[in-house]
file target_8.txt (compact mmCIF, C-alpha atoms)
# COMPACT_ATOMS: atom_id res chain seq x y z
CA MET A 1 28.81 -19.49 -12.46
CA GLY A 2 27.52 -21.35 -15.50
CA GLU A 3 26.44 -20.47 -19.00
CA ARG A 4 24.94 -17.03 -19.63
CA VAL A 5 21.34 -17.23 -20.79
CA LEU A 6 18.81 -14.59 -21.79
CA MET A 7 15.78 -14.75 -19.50
CA LYS A 8 12.81 -12.67 -18.46
CA GLY A 9 12.99 -11.47 -14.86
CA ASN A 10 9.98 -13.43 -13.63
CA GLU A 11 11.17 -16.69 -15.21
CA ALA A 12 14.75 -16.15 -14.02
CA MET A 13 13.54 -15.79 -10.43
CA ALA A 14 11.48 -18.97 -10.70
CA GLU A 15 14.46 -20.94 -12.05
CA ALA A 16 16.72 -19.46 -9.39
CA ALA A 17 14.30 -20.58 -6.69
CA ILE A 18 14.40 -24.12 -8.05
CA GLN A 19 18.19 -24.11 -8.14
CA ALA A 20 18.22 -22.73 -4.58
CA GLY A 21 16.34 -25.83 -3.42
CA CYS A 22 12.71 -24.72 -3.54
CA ARG A 23 10.51 -27.73 -4.25
CA HIS A 24 7.17 -26.42 -2.99
CA PHE A 25 5.48 -23.50 -4.75
CA PHE A 26 1.96 -22.29 -4.05
CA GLY A 27 0.53 -19.33 -5.92
CA TYR A 28 -2.27 -17.67 -7.78
CA PRO A 29 -1.81 -15.87 -11.11
CA ILE A 30 -1.88 -12.09 -11.26
CA THR A 31 -0.26 -9.69 -13.72
CA PRO A 32 2.60 -8.72 -13.91
CA GLN A 33 4.04 -11.80 -12.15
CA THR A 34 2.06 -14.60 -13.79
CA GLU A 35 5.16 -15.97 -15.56
CA VAL A 36 6.53 -17.06 -12.18
CA SER A 37 3.58 -19.38 -11.64
CA ALA A 38 3.56 -20.51 -15.28
CA TYR A 39 7.27 -21.39 -15.15
CA MET A 40 6.85 -23.28 -11.88
CA SER A 41 3.89 -25.22 -13.24
CA LYS A 42 6.09 -26.57 -16.05
CA ARG A 43 9.30 -27.21 -14.13
CA MET A 44 8.19 -28.50 -10.73
CA PRO A 45 6.60 -31.78 -11.94
CA LYS A 46 9.78 -32.61 -13.89
CA ILE A 47 12.03 -32.39 -10.82
CA GLY A 48 9.78 -34.04 -8.26
CA GLY A 49 8.60 -30.77 -6.81
CA VAL A 50 5.14 -29.56 -5.89
CA TYR A 51 3.34 -26.85 -7.86
CA LEU A 52 -0.16 -26.01 -6.78
CA GLN A 53 -2.34 -23.19 -8.08
CA ALA A 54 -4.44 -22.45 -5.01
CA GLU A 55 -8.03 -21.26 -5.12
CA SER A 56 -6.93 -17.85 -3.81
CA GLU A 57 -3.93 -15.88 -2.59
CA ILE A 58 -5.09 -16.52 0.99
CA ALA A 59 -5.04 -20.27 0.43
CA ALA A 60 -1.64 -20.10 -1.26
CA ILE A 61 0.12 -18.30 1.59
CA ASN A 62 -1.35 -20.68 4.14
CA MET A 63 -0.06 -23.62 2.09
CA VAL A 64 3.34 -21.95 2.29
CA LEU A 65 2.93 -21.84 6.08
CA GLY A 66 2.27 -25.58 6.18
CA ALA A 67 5.19 -26.46 3.93
CA ALA A 68 7.55 -24.14 5.84
CA ALA A 69 6.49 -25.78 9.13
CA ALA A 70 7.62 -29.11 7.67
CA GLY A 71 11.09 -27.62 7.11
CA VAL A 72 11.18 -27.51 3.29
CA ARG A 73 12.13 -24.55 1.13
CA THR A 74 8.90 -23.01 -0.09
CA MET A 75 7.89 -19.90 -2.03
CA THR A 76 4.90 -17.97 -3.27
CA SER A 77 4.63 -15.02 -5.62
CA SER A 78 2.05 -12.38 -6.36
CA SER A 79 1.55 -8.71 -7.16
CA SER A 80 0.36 -5.82 -5.02
CA PRO A 81 -3.36 -6.60 -4.38
CA GLY A 82 -2.49 -10.28 -4.12
CA ILE A 83 0.14 -9.50 -1.48
CA SER A 84 -2.52 -7.53 0.43
CA LEU A 85 -4.56 -10.73 0.63
CA LYS A 86 -1.52 -12.67 1.80
CA THR A 87 -0.66 -10.36 4.69
CA GLU A 88 -2.65 -12.29 7.29
CA GLY A 89 -0.80 -15.46 6.34
CA ILE A 90 2.54 -13.63 6.33
CA SER A 91 1.81 -12.51 9.90
CA TYR A 92 1.03 -16.11 10.90
CA ILE A 93 4.29 -17.29 9.30
CA ALA A 94 6.28 -14.58 11.10
CA GLY A 95 4.47 -15.41 14.35
CA SER A 96 5.40 -19.07 13.88
CA ASP A 97 9.08 -18.20 13.21
CA LEU A 98 9.07 -19.93 9.85
CA PRO A 99 11.24 -19.21 6.80
CA CYS A 100 9.83 -18.71 3.31
CA VAL A 101 10.34 -16.49 0.26
CA ILE A 102 7.64 -14.19 -1.13
CA LEU A 103 7.96 -12.46 -4.50
CA ASN A 104 6.09 -9.20 -4.98
CA ILE A 105 6.22 -7.87 -8.55
CA GLN A 106 4.44 -4.60 -7.88
CA ARG A 107 1.76 -2.91 -9.95
CA GLY A 108 0.19 0.52 -9.47
CA GLY A 109 -2.62 0.95 -7.00
CA PRO A 110 -4.48 1.15 -4.68
CA GLY A 111 -7.29 -1.25 -5.36
CA LEU A 112 -6.90 -3.13 -8.60
CA GLY A 113 -5.04 -0.11 -9.96
CA GLY A 114 -3.15 -0.92 -13.14
CA ILE A 115 -0.74 -3.59 -14.33
CA GLN A 116 2.09 -1.21 -15.25
CA PRO A 117 5.32 -0.94 -13.20
CA ALA A 118 5.14 0.91 -9.88
CA GLN A 119 6.85 0.99 -6.48
CA SER A 120 3.79 1.71 -4.40
CA ASP A 121 4.14 -1.26 -2.02
CA TYR A 122 7.08 0.16 -0.05
CA TYR A 123 4.89 0.92 2.96
CA GLN A 124 3.23 -2.48 2.80
CA ALA A 125 6.53 -4.35 2.56
CA THR A 126 8.52 -2.41 5.14
CA LYS A 127 5.89 -1.07 7.57
CA ALA A 128 2.91 -3.39 7.49
CA PRO A 129 3.60 -6.79 5.89
CA GLY A 130 1.03 -8.19 8.35
CA HIS A 131 -0.65 -7.44 11.66
CA GLY A 132 1.28 -7.35 14.92
CA ASP A 133 4.88 -6.63 15.89
CA LEU A 134 6.89 -8.14 13.07
CA HIS A 135 9.35 -7.55 10.29
CA VAL A 136 10.17 -9.43 7.11
CA LEU A 137 13.42 -9.22 5.21
CA VAL A 138 12.82 -6.99 2.16
CA PHE A 139 15.19 -7.04 -0.81
CA ALA A 140 15.04 -4.65 -3.78
CA PRO A 141 17.13 -5.95 -6.70
CA ALA A 142 17.74 -3.69 -9.70
CA THR A 143 18.70 -6.16 -12.46
CA VAL A 144 17.59 -9.60 -13.56
CA GLN A 145 20.98 -10.98 -12.48
CA GLU A 146 20.53 -9.44 -9.06
CA MET A 147 17.03 -10.90 -8.86
CA VAL A 148 18.58 -14.33 -9.42
CA ASN A 149 21.31 -13.82 -6.84
CA THR A 150 18.84 -12.41 -4.32
CA ILE A 151 16.68 -15.54 -4.45
CA PHE A 152 19.58 -17.59 -3.07
CA THR A 153 20.32 -14.99 -0.40
CA ALA A 154 16.66 -14.72 0.56
CA PHE A 155 16.27 -18.46 1.17
CA ASP A 156 19.52 -18.62 3.16
CA LEU A 157 18.77 -15.63 5.39
CA ALA A 158 15.13 -16.61 5.87
CA GLU A 159 16.32 -19.94 7.25
CA LYS A 160 19.17 -18.40 9.26
CA TYR A 161 16.85 -16.01 11.08
CA ARG A 162 13.63 -18.08 10.75
CA MET A 163 11.57 -15.29 9.21
CA PRO A 164 9.86 -14.57 5.87
CA ALA A 165 11.86 -12.82 3.14
CA MET A 166 10.22 -10.69 0.46
CA ILE A 167 11.76 -9.75 -2.87
CA LEU A 168 10.24 -6.46 -3.97
CA GLY A 169 10.42 -6.00 -7.72
CA ASP A 170 8.11 -4.27 -10.15
CA GLY A 171 6.53 -4.97 -13.50
CA LEU A 172 9.50 -3.44 -15.32
CA LEU A 173 12.00 -5.85 -13.76
CA GLY A 174 9.64 -8.81 -13.95
CA GLN A 175 9.06 -8.39 -17.67
CA MET A 176 12.60 -7.27 -18.61
CA MET A 177 14.89 -9.72 -20.43
CA GLU A 178 18.61 -9.64 -19.58
CA PRO A 179 21.49 -12.15 -19.69
CA VAL A 180 21.94 -14.04 -16.42
CA GLU A 181 24.25 -16.64 -14.93
CA PHE A 182 23.11 -18.90 -12.14
CA PRO A 183 25.41 -19.30 -9.12
CA GLU A 184 26.86 -22.66 -8.23
CA VAL A 185 24.31 -24.68 -6.33
CA LYS A 186 25.24 -25.37 -2.73
CA ALA A 187 23.86 -28.17 -0.62
CA VAL A 188 20.67 -27.10 1.12
CA PRO A 189 20.68 -27.93 4.85
CA SER A 190 18.21 -30.74 5.40
CA GLU A 191 18.25 -30.86 9.20
CA LYS A 192 15.75 -28.41 10.63
CA PRO A 193 15.60 -29.18 14.37
CA TRP A 194 12.54 -26.97 14.78
CA ALA A 195 10.49 -28.52 11.94
CA ALA A 196 7.26 -30.43 12.46
CA CYS A 197 8.15 -33.28 10.11
CA GLY A 198 7.86 -36.36 12.30
CA HIS A 199 10.11 -37.32 15.21
CA LYS A 200 10.21 -41.16 15.00
CA ASN A 201 10.32 -41.24 18.81
CA LYS A 202 13.87 -39.85 18.73
CA ARG A 203 13.07 -36.40 20.14
CA GLU A 204 10.29 -34.39 21.70
CA HIS A 205 7.46 -33.17 19.56
CA ASN A 206 8.07 -29.89 17.77
CA ILE A 207 5.13 -27.52 17.99
CA VAL A 208 4.82 -24.79 15.35
CA ASN A 209 2.39 -22.19 16.61
CA SER A 210 1.73 -18.46 16.63
CA LEU A 211 -0.86 -18.51 19.44
CA PHE A 212 0.34 -17.53 22.92
CA LEU A 213 -2.55 -16.88 25.30
CA GLN A 214 -0.42 -16.07 28.33
CA ALA A 215 0.69 -12.42 28.18
CA ASN A 216 4.12 -13.02 29.71
CA GLU A 217 4.78 -15.91 27.34
CA LEU A 218 3.75 -13.82 24.32
CA GLU A 219 5.90 -10.85 25.34
CA ALA A 220 8.91 -13.10 25.92
CA LYS A 221 8.42 -14.59 22.46
CA ILE A 222 8.18 -11.18 20.82
CA ASN A 223 11.24 -9.94 22.70
CA GLU A 224 13.19 -13.00 21.54
CA ARG A 225 12.06 -12.36 17.96
CA PHE A 226 13.11 -8.71 18.12
CA GLY A 227 16.48 -9.86 19.39
CA ARG A 228 16.87 -11.69 16.09
CA TYR A 229 15.68 -8.60 14.21
CA ALA A 230 18.47 -6.64 15.91
CA GLN A 231 20.97 -9.20 14.60
CA VAL A 232 19.52 -8.75 11.10
CA GLU A 233 19.90 -4.97 11.36
CA ALA A 234 23.48 -5.36 12.58
CA ASN A 235 24.59 -7.86 9.95
CA GLU A 236 22.44 -7.85 6.83
CA VAL A 237 22.07 -4.22 5.66
CA LYS A 238 23.03 -3.84 2.00
CA ALA A 239 23.32 -0.75 -0.18
CA GLU A 240 25.31 0.31 -3.23
CA THR A 241 26.95 3.72 -3.53
CA TYR A 242 27.96 5.41 -6.79
CA LEU A 243 30.09 8.57 -7.14
CA THR A 244 29.25 9.74 -3.62
CA ASP A 245 32.75 10.74 -2.40
CA ASP A 246 32.53 14.36 -3.59
CA ALA A 247 28.77 14.56 -4.19
CA GLU A 248 27.00 17.77 -3.21
CA LEU A 249 23.63 16.20 -4.05
CA VAL A 250 22.91 12.51 -3.52
CA ILE A 251 20.00 10.61 -5.01
CA VAL A 252 18.43 7.75 -3.06
CA ALA A 253 16.57 5.31 -5.30
CA TYR A 254 15.96 1.55 -5.30
CA GLY A 255 15.07 -1.09 -7.88
CA ALA A 256 14.23 0.05 -11.40
CA SER A 257 14.22 3.71 -10.33
CA SER A 258 17.87 3.42 -9.34
CA ARG A 259 18.81 2.51 -12.92
CA ILE A 260 17.10 5.65 -14.19
CA ALA A 261 18.73 7.74 -11.47
CA ARG A 262 22.16 6.32 -12.32
CA SER A 263 21.77 7.48 -15.94
CA ALA A 264 20.82 10.95 -14.67
CA VAL A 265 23.87 10.98 -12.38
CA ASN A 266 26.14 10.19 -15.35
CA SER A 267 24.55 12.98 -17.41
CA ALA A 268 24.93 15.45 -14.54
CA ARG A 269 28.56 14.46 -14.01
CA SER A 270 29.28 15.05 -17.72
CA GLU A 271 28.12 18.63 -17.14
CA GLY A 272 30.28 19.05 -14.05
CA ILE A 273 27.49 18.72 -11.48
CA LYS A 274 28.62 16.75 -8.43
CA VAL A 275 25.88 14.18 -7.94
CA GLY A 276 25.98 10.67 -6.48
CA LEU A 277 23.63 7.76 -5.88
CA ILE A 278 22.77 5.55 -2.93
CA ARG A 279 20.84 2.41 -3.86
CA PRO A 280 19.26 0.57 -0.93
CA ILE A 281 19.42 -3.16 -1.67
CA THR A 282 17.71 -4.10 1.58
CA LEU A 283 14.65 -1.98 2.34
CA TRP A 284 14.26 -3.74 5.66
CA PRO A 285 16.68 -3.45 7.30
CA PHE A 286 16.96 0.07 5.84
CA PRO A 287 20.52 1.40 5.24
CA LYS A 288 20.11 4.28 7.69
CA LYS A 289 23.77 4.53 8.66
CA ILE A 290 25.01 4.66 5.05
CA ILE A 291 22.49 7.34 4.08
CA ASN A 292 23.30 9.29 7.26
CA GLU A 293 27.05 9.30 6.65
CA ILE A 294 26.82 10.31 2.99
CA GLY A 295 23.74 12.50 3.25
CA LEU A 296 25.16 14.70 5.99
CA ARG A 297 28.13 15.54 3.75
CA CYS A 298 25.80 16.80 1.01
CA LYS A 299 23.81 19.98 0.54
CA ASN A 300 20.70 18.20 -0.73
CA VAL A 301 19.17 14.73 -1.02
CA LEU A 302 16.77 13.72 -3.80
CA VAL A 303 14.56 10.62 -3.53
CA VAL A 304 13.36 9.13 -6.83
CA GLU A 305 10.56 6.55 -6.76
CA MET A 306 7.70 5.18 -8.82
CA SER A 307 5.28 6.13 -6.06
CA MET A 308 4.07 9.30 -4.34
CA GLY A 309 7.18 9.28 -2.15
CA GLN A 310 6.77 6.38 0.26
CA MET A 311 10.51 6.15 1.07
CA VAL A 312 10.99 9.89 1.66
CA ASP A 313 10.30 9.87 5.41
CA ASP A 314 12.77 7.03 6.01
CA VAL A 315 15.43 9.06 4.20
CA ARG A 316 14.57 12.18 6.23
CA LEU A 317 14.94 10.16 9.44
CA ALA A 318 18.25 8.75 8.21
CA VAL A 319 19.70 12.27 7.74
CA GLU A 320 18.05 13.42 11.00
CA CYS A 321 16.21 16.16 9.06
CA LYS A 322 19.49 18.11 8.89
CA VAL A 323 19.62 18.14 5.07
CA PRO A 324 16.79 19.13 2.68
CA VAL A 325 15.21 15.98 1.22
CA HIS A 326 13.43 16.49 -2.11
CA PHE A 327 11.24 14.06 -4.03
CA PHE A 328 10.60 13.30 -7.66
CA GLY A 329 8.50 10.46 -8.94
CA HIS A 330 5.72 9.16 -11.11
CA THR A 331 3.16 6.52 -10.31
CA GLY A 332 0.41 4.57 -11.97
CA GLY A 333 2.78 3.04 -14.48
CA ILE A 334 4.48 6.22 -15.71
CA ILE A 335 8.21 5.58 -15.53
CA PRO A 336 10.45 8.57 -14.69
CA THR A 337 12.98 9.37 -17.41
CA PRO A 338 16.66 10.22 -16.91
CA ALA A 339 16.00 13.62 -18.50
CA GLU A 340 13.30 14.37 -15.93
CA VAL A 341 15.59 13.36 -13.05
CA LEU A 342 18.41 15.46 -14.52
CA ALA A 343 16.05 18.44 -14.69
CA GLN A 344 15.26 17.95 -10.99
CA ILE A 345 18.98 17.78 -10.18
CA LYS A 346 19.58 21.06 -12.01
CA ALA A 347 16.60 22.73 -10.35
CA ILE A 348 17.84 21.76 -6.88
CA THR A 349 21.49 22.64 -7.47
CA GLY A 350 20.68 25.91 -9.22
CA GLU A 351 22.12 24.71 -12.54
CA ALA A 352 18.83 25.04 -14.40
CA LYS A 353 18.87 27.71 -17.09

call {"tool": "encode", "arguments": {"input": "target_8.txt", "output": "structure tokens"}}
result
Amino acid sequence: MGERVLMKGNEAMAEAAIQAGCRHFFGYPITPQTEVSAYMSKRMPKIGGVYLQAESEIAAINMVLGAAAAGVRTMTSSSSPGISLKTEGISYIAGSDLPCVILNIQRGGPGLGGIQPAQSDYYQATKAPGHGDLHVLVFAPATVQEMVNTIFTAFDLAEKYRMPAMILGDGLLGQMMEPVEFPEVKAVPSEKPWAACGHKNKREHNIVNSLFLQANELEAKINERFGRYAQVEANEVKAETYLTDDAELVIVAYGASSRIARSAVNSARSEGIKVGLIRPITLWPFPKKIINEIGLRCKNVLVVEMSMGQMVDDVRLAVECKVPVHFFGHTGGIIPTPAEVLAQIKAITGEAK
């Protein structure tokens, strides 16, 4: 780790991507992630990289597809409605088994919605990042430092499993300034035996393609891809637990909401209420086993989100509907407060006066 510096979340992620070996960035500005593009536009030309503001989000994601097919580390960033436009390209990238990193600094919606922080893209990221049978890795960091660290992890795992990786933040994290340290830079593997980057008559042509007209060929390809997804689910699930050993109520919250929930847990504990927190770090794969093991020991589960409760059903499935799962949240840019979450805890546990 190097020197600690104070950086805004969006700019820290852009710098982390550069240090992780990204030299090809294609994007289109949209609030609240525009600083990512602005930072890349200044830094990329100075290090021999490529920054290109595309004519649209659709163009940008397809440029990412082309760069990824050539075997280079490439990234795009956007915010909720921009990610909606990118979903066709994300599906093509997944169907071509190509690695890339996609930043989604969410805003409230649907439609153009508002530019304030929200977590209303959970469904889009985890259930429908594009058409067809596919998954993308989805990470949900909760601090600017974790956003930096996650960039490195996202590039590495995207290449390991040859699939897109999405970092799901929100306007609060993107605009927040916190001290960060950048990890030591490791050598980026340059040999990509699958890449379409010229063969110099030393090997067979590589063909990068997502079109399979023969049904048996397509099904075999999808089955092979889901075999890799099974490896991801077995090896890459990440979640943080806090004060869960004796918890009678456990909160499940990710990203910025988890920081608010943690403050509420501390307040509840100071009043003798046994509450804990599970923070999913990967949203796909979802930490089902961890939530199951802890949730089934509790009397109640509370999900806190900046949405109308998009993660609630996944939590209910994780606890096999054997434990009551409650929800508290705000959306449209209204950020839940620790006092509000504490009030929900007291209402559920019967501690409210």

call {"tool": "residues_near_point", "arguments": {"input": "target_8.txt", "point": "(-4.0, -16.4, 3.7)", "cutoff": "6 Å", "atoms": "only C-alpha atoms", "output": "PDB file with C-alpha atoms, in the coordinates of the input"}}
result
ATOM      1  CA  ILE A  58      -5.090 -16.520   0.990  1.00  0.00           C
ATOM      2  CA  ALA A  59      -5.040 -20.270   0.430  1.00  0.00           C
ATOM      3  CA  ILE A  61       0.120 -18.300   1.590  1.00  0.00           C
ATOM      4  CA  ASN A  62      -1.350 -20.680   4.140  1.00  0.00           C
ATOM      5  CA  LYS A  86      -1.520 -12.670   1.800  1.00  0.00           C
ATOM      6  CA  GLU A  88      -2.650 -12.290   7.290  1.00  0.00           C
ATOM      7  CA  GLY A  89      -0.800 -15.460   6.340  1.00  0.00           C
TER       8      GLY A  89
END

call {"tool": "closest_atom_pairs", "arguments": {"input": "target_8.txt", "of": "segment 51-160 of chain A", "to": "segment 237-252 of chain A", "cutoff": "12 Å", "atoms": "only C-alpha atoms", "output": "Markdown table"}}
result
| residue | atom | partner | partner_atom | distance |
| --- | --- | --- | --- | --- |
| A:Leu137 | CA | A:Val237 | CA | 10.0 |
| A:Val138 | CA | A:Val237 | CA | 10.3 |
| A:Phe139 | CA | A:Lys238 | CA | 8.9 |
| A:Ala140 | CA | A:Ala239 | CA | 9.8 |
| A:Pro141 | CA | A:Ala239 | CA | 10.4 |
| A:Ala142 | CA | A:Glu240 | CA | 10.7 |
| A:Thr150 | CA | A:Lys238 | CA | 11.4 |
| A:Thr153 | CA | A:Lys238 | CA | 11.7 |
| A:Leu157 | CA | A:Val237 | CA | 11.9 |

call {"tool": "atom_distance", "arguments": {"input": "target_8.txt", "atom1": "atom CA of Glu55 of chain A", "atom2": "atom CA of Arg162 of chain A"}}
result
27.0 Å

call {"tool": "closest_residue", "arguments": {"input": "target_8.txt", "among": "A:Pro32, A:Pro99, A:Pro193, A:Pro336", "to": "Thr74 of chain A", "atoms": "all atoms listed in the file"}}
result
A:Pro99

call {"tool": "closest_residue", "arguments": {"input": "target_8.txt", "among": "A:Lys288, A:Arg262, A:Lys274, A:His199", "to": "Val304 of chain A", "atoms": "only C-alpha atoms"}}
result
A:Arg262

call {"tool": "atom_distance", "arguments": {"input": "target_8.txt", "atom1": "atom CA of Pro324 of chain A", "atom2": "atom CA of Leu302 of chain A"}}
result
8.4 Å

call {"tool": "closest_residue", "arguments": {"input": "target_8.txt", "among": "A:Ser56, A:Pro164, A:Phe155, A:Gly27", "to": "Lys186 of chain A", "atoms": "all atoms listed in the file"}}
result
A:Phe155

call {"tool": "closest_residue", "arguments": {"input": "target_8.txt", "among": "A:Ile115, A:Ala12, A:Ala256, A:Ile345", "to": "Glu178 of chain A", "atoms": "all atoms listed in the file"}}
result
A:Ala12

call {"tool": "closest_residue", "arguments": {"input": "target_8.txt", "among": "A:Ala94, A:Val144, A:Ala230, A:Ile291", "to": "Ala69 of chain A", "atoms": "all atoms listed in the file"}}
result
A:Ala94

call {"tool": "atom_distance", "arguments": {"input": "target_8.txt", "atom1": "atom CA of Ile222 of chain A", "atom2": "atom CA of Leu85 of chain A"}}
result
23.9 Å

call {"tool": "closest_residue", "arguments": {"input": "target_8.txt", "among": "A:Glu35, A:Gln310, A:Phe328, A:Val136", "to": "Arg228 of chain A", "atoms": "all atoms listed in the file"}}
result
A:Val136

call {"tool": "residues_near_point", "arguments": {"input": "target_8.txt", "point": "(13.1, -16.8, -10.9)", "cutoff": "10 Å", "atoms": "all atoms listed in the file", "output": "list in words"}}
result
Met7, Lys8, Gly9, Asn10, Glu11, Ala12, Met13, Ala14, Glu15, Ala16, Ala17, Ile18, Gln19, Glu35, Val36, Ser37, Tyr39, Met40, Leu103, Val144, Gln145, Met147, Val148, Asn149, Thr150, Ile151 and Gly174 of chain A
